[in-house]
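*Asks:* One structure, as structure tokens, below. Some questions next.
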Amino acid sequence: MALDLNSDLHFRTHTLLLSRQKFTLEGQEWPLKTGMALRLSDHAGVGMLELSDTHGRIVVWRFTMGQQSQAARMVDQFQRVMAQREQAAGQTLDDTATRTCPQCGAELPADSDECPDCAPEAPQAPPSTWVLLRLWRFARPYRWTLLTGFLLTLASTAATLVPPYLTIPLMDRVLIPFQNGQAIDKGLVLALLGGLFGSALLAWGLGWTRTWLLALVSERISSDLRTTTFDHLLALSLDYFGSKRTGDLMARIGSETDRISVFLSLHALDFITDVLMISMTAVILFSINPWLALATLVPLPFIGWMIHLVRDRLRTGFEKIDRVWGEVTNVLADTIPGIRVVKAFAQETREARRFKRANEHNLAVNDRINKTWSLFTPTVTLLTEIGLLVVWAFGIWLVSQSEITVGVLTAFIAYIGRFYGRLDSMSRIVSVTQKAASGAKRIFDILDHVSNVPEPTAPVPLKNVQGGLQMEAVGFRYGSRSVIRKLSLDIRPGEMIGLIGHSGSGKSTLVNLLCRFYDVSEGAIRIDGIDIRRVGVADFRRHIGLVLQEPFLFFGTIAENIAYGKPDASRADIVAAARAAHAHEFILRLPQGYDSLVGERGQGLSGGERQRISIARALLIDPRILILDEATSSVDTETEKEIQKALDNLVQGRTTIAIAHRLSTLRKADRLVVMDRGEVVEIGPHDELMALRGAYWRLYEAQARKEQEAAALLDGDTPGDDA
């Protein structure tokens with residue numbers, strides 16, 4: 001198969017080969033051995049093939065999702081090769097039914113019900129300037145202000161066209177007669193100069209008013225665009241964020257909307273002015289002398305042809321620039337929040353090289369587009385200068401033939417200067433228009449994305465929630481990969497359930513389904529007998545408290561973080577929640593107590609302190625359903641005891657679903673649910689499952705052995721050393 005990413009996640013095409021004996025990639029070889037496994041997975045838009053054996057991971061190959069079907073076939077081929085090797089060695093294989101695609105007949109991957117070859121690919125719409133018309137949705141509330149601005153533009157443009165017209169009588173009736181010996185008509189001169197001054201003053205006043213008015217509107221349009229995009233982003237399900245980078249989303253909402261604002265307030269206004277100026281100037285020119293006016297149009301076909309030629313190149317080029325700039329901001333978004341890890345592992349040089357590579361890529365892409373643009377603009381200027389020479393030559397000939405006067409030619413040249421100047425300005429706007437179109441497309445890519453967790457059309461209100469949860473034949477797929485299969489589980493109100501299983505067994509996915517971060521692909525999840533898809537998302541989640549393995553704290557005070565789920569909580573309620581979470585004592589030791597600022601992501605507090613604040617945050621909203629996702633796995637034993645005391649207060653009277661790294665912490669659970677490969681394999685209390693000596697017993701014994709080995713190492717002994 002073709003791999004298109006290297007180990008640094010940069011685009012590079014190389015071929016991975018599989019034979020009956022080995023994998024081969026660019027001279028490297030990995031011989032096939034008994035016990036090897038090849039696992040296909042994906043995260044954030046990057047696919048991974050992981051080759052492992054009984055001792056652990058051997059190698060990981062990465063690729064973009066465009067190679068997903070090839071990767072699935074590679075896994076299928078690997079399984080067939082390993083099966084043939086085992087048969088040749090005389091080993092007994094489990095009988096597995098081969099599933100085939102009903103359309104093409106190809107074998108389906110082991111963990112998928114969808115054929116990779118027949119799966120439809122999402123069409124990628126090319127960027128188009130017409131996407132700017134969709135901004136009318138945001139401009140519509142200001143349509144009357146925009147109409148006023150257009151009328152002011154029309155009036156100010158007309159005012160700027162008055163001075164050249166007044167030069168005709170100024171030349172023919174004042175200056176040329178004066179050279180021929182006639183006296184100057186002072187009244188006429190004052191009238192003409194007054195007209196020139198008045199038209200200039202009027203054009204200035206109208207231009208200032210329309211610029212100020214339209215700038216206000218454009219800022220409000222971009223503000224509404226940012227707000228709407230962010231609101232829509234918050235409403236999207238978690239799967240959207242799993243395939244996007246933080247820096248890219250920040251660039252879209254920030255820099256792209258700024259670019260659109262500049263386009264609307266400056267360049268769009270200039271474009272309208274240019275169109276009006278060219279149209280009105282053309283009418284005046286034809287009214288003065290049609291033949292001379294036709295001579296001014298000589299460069300227009302060539303300019304139009306050039307604009308058509310470079311428009312598509314600029315459009316695609318600027319969209320690529322936006323994507324590459326997203327790579328630069330992604331490096332910043334990764335490195336700055338993780339600066340502690342960067343420094344802890346002394347990787348400053350590596351991150352600097354990573355940023356330099358992204359910046360150099362951005363520079364190279366910009367150089368390519370600037371090469372096209374730098375040739376286009378001077379060529380348009382050259383064509384307009386040639387057109388001006390044509391007008392001069394033809395105009396002098398007409399004067400010599402007494403077809404026009406010198407005043408008419410002077411006015412004509414003045415109008416031509418404005419005509420060609422606006423024509424040159426219109427050609428330059430091609431660049432900024434394509435940039436704005438590219439930015440608008442990236443914004444509407446977000447707005448057009450539909451959440452996989454939709455709001456019900458007629459939501460059922462939740463009243464007197466008891467906390468009972470029923471899962472009926474629940475199935476869930478991530479893309480074409482099946483993660484949860486036919487899972488059924490009934491959790492009684494107030495019951496504590498412990499979820500147990502190896503990494504990848506589906507525990508966290510089930511929690512995500514219970515929180516309705518994702519919707520089930522099959523079956524249903526009910527709360528007190530009501531399908532959660534019939535309940536408003538916010539109304540449902542209001543009854544769920546979630547304590548994560550890595551608690552996230554926002555930049556702000558301790559009190560603000562505790563009250564995040566209930567912003568109107570009183571200080572007494574906040575303190576009570578902190579006391580129940582065993583956080584009150586350490587909070588009082590902080591310089592400003594509850595008003596102490598915590599850094600971004602809670603920097604400045606220990607892991608246990610952050611965890612107890614998150615427990616206080618969950619306690620404050622008093623949820624009927626509590627979900628604990630590895631809440632004590634990343635803290636020391638003493639801190640775990642403090643957190644466990646807080647959790648004991650938290651679980652009382654609530655339906656609790658807990659995932660724990662240490663199985664001993666789940667002994668208080670009413671029932672333990674053991675999961676494997678997205679299915680429930682055992683259910684029951686601790687003692688009952690231990691007596692079965694099944695999957696739970698094996699997990700418990702394995703963890704007990706690890707703890708004994710760790711204790712022996714701490715005591716200075718070597719496990720198994722009896723000498």
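Numbering starts fresh at 1 for the residues of each chain in the structure tokens, the chains themselves are lettered A, B, ... in the order given, and ligands are numbered from 1 as they appear.
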Using only C-alpha atoms, determine which residues lie at most 10 Å from A:Thr228, disregarding the query and same-chain residues fewer than 4 positions distant; provide the list as a list in words.
*Replies:*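 Surrounding residues, per the criterion: Phe138, Ser222, Ser223, Asp224, His232, Leu233, Leu234, Ile253 and Leu447 of chain A.
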*Asks:* Need the shell around stretch 208-215 of chain A: protein/DNA/RNA residues with any atom at most 9 Å away, counting only C-alpha atoms. Skip same-chain ones fewer than 4 positions apart. Format as a CSV table (one decimal) with N, CA and C atoms, in the first residue's frame?
*Replies:*
```csv
chain,number,residue,atom,x,y,z
A,145,THR,N,-28.9,50.2,5.7
A,145,THR,CA,-27.6,51.0,5.8
A,145,THR,C,-26.7,50.8,4.6
A,146,LEU,N,-26.7,49.5,4.1
A,146,LEU,CA,-25.9,49.2,2.9
A,146,LEU,C,-26.4,50.0,1.7
A,148,THR,N,-28.0,52.8,1.8
A,148,THR,CA,-27.6,54.2,2.0
A,148,THR,C,-26.2,54.4,1.6
A,149,GLY,N,-25.3,53.5,2.0
A,149,GLY,CA,-23.9,53.6,1.6
A,149,GLY,C,-23.7,53.5,0.1
A,150,PHE,N,-24.5,52.7,-0.6
A,150,PHE,CA,-24.4,52.6,-2.0
A,150,PHE,C,-24.8,53.9,-2.7
A,151,LEU,N,-25.9,54.5,-2.2
A,151,LEU,CA,-26.3,55.8,-2.8
A,151,LEU,C,-25.3,56.9,-2.5
A,152,LEU,N,-24.7,56.9,-1.3
A,152,LEU,CA,-23.6,57.8,-1.1
A,152,LEU,C,-22.4,57.6,-2.0
A,153,THR,N,-22.1,56.3,-2.3
A,153,THR,CA,-21.0,56.0,-3.2
A,153,THR,C,-21.3,56.5,-4.6
A,156,SER,N,-20.9,60.3,-4.4
A,156,SER,CA,-19.6,60.8,-4.3
A,156,SER,C,-18.8,60.5,-5.6
A,203,ALA,N,-17.4,65.8,-2.9
A,203,ALA,CA,-16.9,64.4,-3.0
A,203,ALA,C,-16.2,64.0,-1.7
A,204,TRP,N,-15.5,64.9,-1.1
A,204,TRP,CA,-14.8,64.6,0.2
A,204,TRP,C,-15.9,64.3,1.3
A,219,GLU,N,-17.7,45.8,10.1
A,219,GLU,CA,-17.3,45.3,11.4
A,219,GLU,C,-18.4,44.5,12.1
A,220,ARG,N,-19.6,45.0,11.9
A,220,ARG,CA,-20.7,44.3,12.6
A,220,ARG,C,-21.0,43.0,11.9
A,261,SER,N,-13.6,41.0,7.0
A,261,SER,CA,-14.0,42.4,7.5
A,261,SER,C,-13.2,43.4,6.6
A,262,VAL,N,-11.9,43.2,6.5
A,262,VAL,CA,-11.1,44.2,5.7
A,262,VAL,C,-11.6,44.2,4.2
A,264,LEU,N,-14.7,43.6,3.2
A,264,LEU,CA,-16.0,44.3,3.1
A,264,LEU,C,-15.9,45.8,3.3
A,265,SER,N,-15.0,46.2,4.3
A,265,SER,CA,-14.9,47.6,4.6
A,265,SER,C,-14.1,48.4,3.6
A,266,LEU,N,-13.1,47.8,3.0
A,266,LEU,CA,-12.2,48.5,2.1
A,266,LEU,C,-12.3,48.1,0.7
A,269,LEU,N,-15.8,48.0,-1.1
A,269,LEU,CA,-16.2,49.4,-1.3
A,269,LEU,C,-15.4,50.0,-2.5
```
*Asks:* Considering only C-alpha atoms, can you say which of A:Gly198, A:Gly523, A:Gly504, A:Gly407 comes closest to A:Ala473?
*Replies:*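 Of the candidates, the smallest distance to A:Ala473 is held by A:Gly523.
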*Asks:* Select, from A:Arg62, A:Pro454, A:Gly565, A:Ala139, the residue with the minimum atom-to-atom distance to A:Arg516, counting only C-alpha atoms.
*Replies:*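 When distances to A:Arg516 are compared using only C-alpha atoms, the smallest one comes from A:Pro454.
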*Asks:* Work out how far apart atom CA of A:Arg143 and atom CA of A:Ser199 are and give it in Å to one decimal.
*Replies:*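 Separating atom CA of A:Arg143 from atom CA of A:Ser199 is a distance of 28.3 Å.
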*Asks:* Which residue gives the smallest distance to A:Gly395 among A:Tyr594, A:Phe63, A:Trp291, A:Tyr478, with only C-alpha atoms counted?
*Replies:*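 Result for the nearest residue to A:Gly395: A:Trp291.
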*Asks:* Hey, can you check how far atom CA of A:Thr64 sits from atom CA of A:Asp4?
*Replies:*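 Result for atom CA of A:Thr64 versus atom CA of A:Asp4: 6.6 Å, one decimal.
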*Asks:* Please identify all polymer residues within 9 Å of A:Leu620, counting only C-alpha atoms, omitting same-chain residues fewer than 5 positions from it, and present them as a VMD selection string.
*Replies:* chain A and resid 562 to 563 565 to 566 569 573 to 574 576 to 578 615
*Asks:* Can I get the selected residues back with C-alpha atoms, as a compact mmCIF listing (two decimals), in the first residue's frame?
*Replies:*
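Final output, selection.txt:
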```txt
# COMPACT_ATOMS: atom_id res chain seq x y z
CA ILE A 562 -15.86 25.55 40.89
CA ALA A 563 -18.97 27.48 39.78
CA GLY A 565 -21.44 24.54 35.78
CA LYS A 566 -23.56 26.88 37.92
CA ALA A 569 -23.98 29.91 42.67
CA ASP A 573 -22.59 27.05 47.97
CA ILE A 574 -19.10 27.18 46.43
CA ALA A 576 -19.78 23.94 50.77
CA ALA A 577 -18.91 22.10 47.55
CA ALA A 578 -15.19 22.66 48.18
CA ILE A 615 -14.94 17.15 42.04
```
*Asks:* Please compute the atom CA of A:Thr15-atom CA of A:Glu29 distance, one decimal, in Å.
*Replies:*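 Straight-line distance from atom CA of A:Thr15 to atom CA of A:Glu29 works out to 12.5 Å.
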*Asks:* Considering only C-alpha atoms, can you say which of A:His582, A:Asn359, A:Leu689, A:Arg20 comes closest to A:Lys645?
*Replies:*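 Using only C-alpha atoms, A:Lys645 sits closest to A:His582.
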*Asks:* I need the residue nearest A:Leu154 from this list: A:Leu469, A:Asp448, A:Met277, A:Leu300. Use only C-alpha atoms for the distance.
*Replies:*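 Closest candidate: A:Met277.
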*Asks:* As a VMD selection string, please: the residues near A:Thr24 (cut-off 12 Å, only C-alpha atoms, same-chain neighbours under 4 positions excluded).
*Replies:* chain A and resid 1 14 to 20 28 to 32 59 61
*Asks:* Deliver the residues from the most recent selection as a file, using N, CA and C atoms, as a PDB file, in the first residue's frame.
*Replies:*
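Final output, again.pdb:
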```pdb
ATOM      1  N   MET A   1       0.841  -1.180   0.000  1.00  0.00           N
ATOM      2  CA  MET A   1       0.000   0.000   0.000  1.00  0.00           C
ATOM      3  C   MET A   1       0.887   1.245   0.000  1.00  0.00           C
ATOM      4  N   HIS A  14       5.700   6.693   0.112  1.00  0.00           N
ATOM      5  CA  HIS A  14       6.559   5.520   0.049  1.00  0.00           C
ATOM      6  C   HIS A  14       5.665   4.291   0.156  1.00  0.00           C
ATOM      7  N   THR A  15       6.160   3.161  -0.300  1.00  0.00           N
ATOM      8  CA  THR A  15       5.335   1.969  -0.470  1.00  0.00           C
ATOM      9  C   THR A  15       5.676   0.915   0.573  1.00  0.00           C
ATOM     10  N   LEU A  16       4.643   0.439   1.269  1.00  0.00           N
ATOM     11  CA  LEU A  16       4.771  -0.654   2.228  1.00  0.00           C
ATOM     12  C   LEU A  16       4.375  -1.950   1.541  1.00  0.00           C
ATOM     13  N   LEU A  17       5.279  -2.919   1.565  1.00  0.00           N
ATOM     14  CA  LEU A  17       5.059  -4.193   0.893  1.00  0.00           C
ATOM     15  C   LEU A  17       4.910  -5.311   1.924  1.00  0.00           C
ATOM     16  N   LEU A  18       3.996  -6.256   1.629  1.00  0.00           N
ATOM     17  CA  LEU A  18       3.788  -7.419   2.480  1.00  0.00           C
ATOM     18  C   LEU A  18       3.939  -8.677   1.645  1.00  0.00           C
ATOM     19  N   SER A  19       4.845  -9.557   2.065  1.00  0.00           N
ATOM     20  CA  SER A  19       4.994 -10.865   1.425  1.00  0.00           C
ATOM     21  C   SER A  19       4.629 -11.942   2.445  1.00  0.00           C
ATOM     22  N   ARG A  20       4.825 -13.195   2.094  1.00  0.00           N
ATOM     23  CA  ARG A  20       4.519 -14.286   3.018  1.00  0.00           C
ATOM     24  C   ARG A  20       5.536 -14.375   4.160  1.00  0.00           C
ATOM     25  N   GLN A  28      14.012  -1.320   4.842  1.00  0.00           N
ATOM     26  CA  GLN A  28      13.816  -1.912   6.161  1.00  0.00           C
ATOM     27  C   GLN A  28      12.906  -3.122   6.060  1.00  0.00           C
ATOM     28  N   GLU A  29      13.171  -4.126   6.908  1.00  0.00           N
ATOM     29  CA  GLU A  29      12.389  -5.355   6.872  1.00  0.00           C
ATOM     30  C   GLU A  29      11.923  -5.717   8.277  1.00  0.00           C
ATOM     31  N   TRP A  30      10.709  -6.274   8.341  1.00  0.00           N
ATOM     32  CA  TRP A  30      10.150  -6.774   9.590  1.00  0.00           C
ATOM     33  C   TRP A  30       9.644  -8.191   9.342  1.00  0.00           C
ATOM     34  N   PRO A  31      10.441  -9.233   9.674  1.00  0.00           N
ATOM     35  CA  PRO A  31      10.025 -10.620   9.412  1.00  0.00           C
ATOM     36  C   PRO A  31       8.753 -10.965  10.184  1.00  0.00           C
ATOM     37  N   LEU A  32       7.895 -11.762   9.559  1.00  0.00           N
ATOM     38  CA  LEU A  32       6.661 -12.195  10.209  1.00  0.00           C
ATOM     39  C   LEU A  32       6.958 -13.336  11.167  1.00  0.00           C
ATOM     40  N   VAL A  59       6.387  -1.432  15.376  1.00  0.00           N
ATOM     41  CA  VAL A  59       6.517  -0.273  14.510  1.00  0.00           C
ATOM     42  C   VAL A  59       5.124   0.273  14.221  1.00  0.00           C
ATOM     43  N   TRP A  61       3.115   2.681  11.249  1.00  0.00           N
ATOM     44  CA  TRP A  61       3.136   3.391   9.967  1.00  0.00           C
ATOM     45  C   TRP A  61       1.915   4.294   9.919  1.00  0.00           C
TER      46      TRP A  61
END
```
*Asks:* Write out as a VMD selection string which residues come within 12 Å of A:His55 when counting only C-alpha atoms, dropping same-chain ones fewer than 5 positions away.
*Replies:* chain A and resid 33 to 37
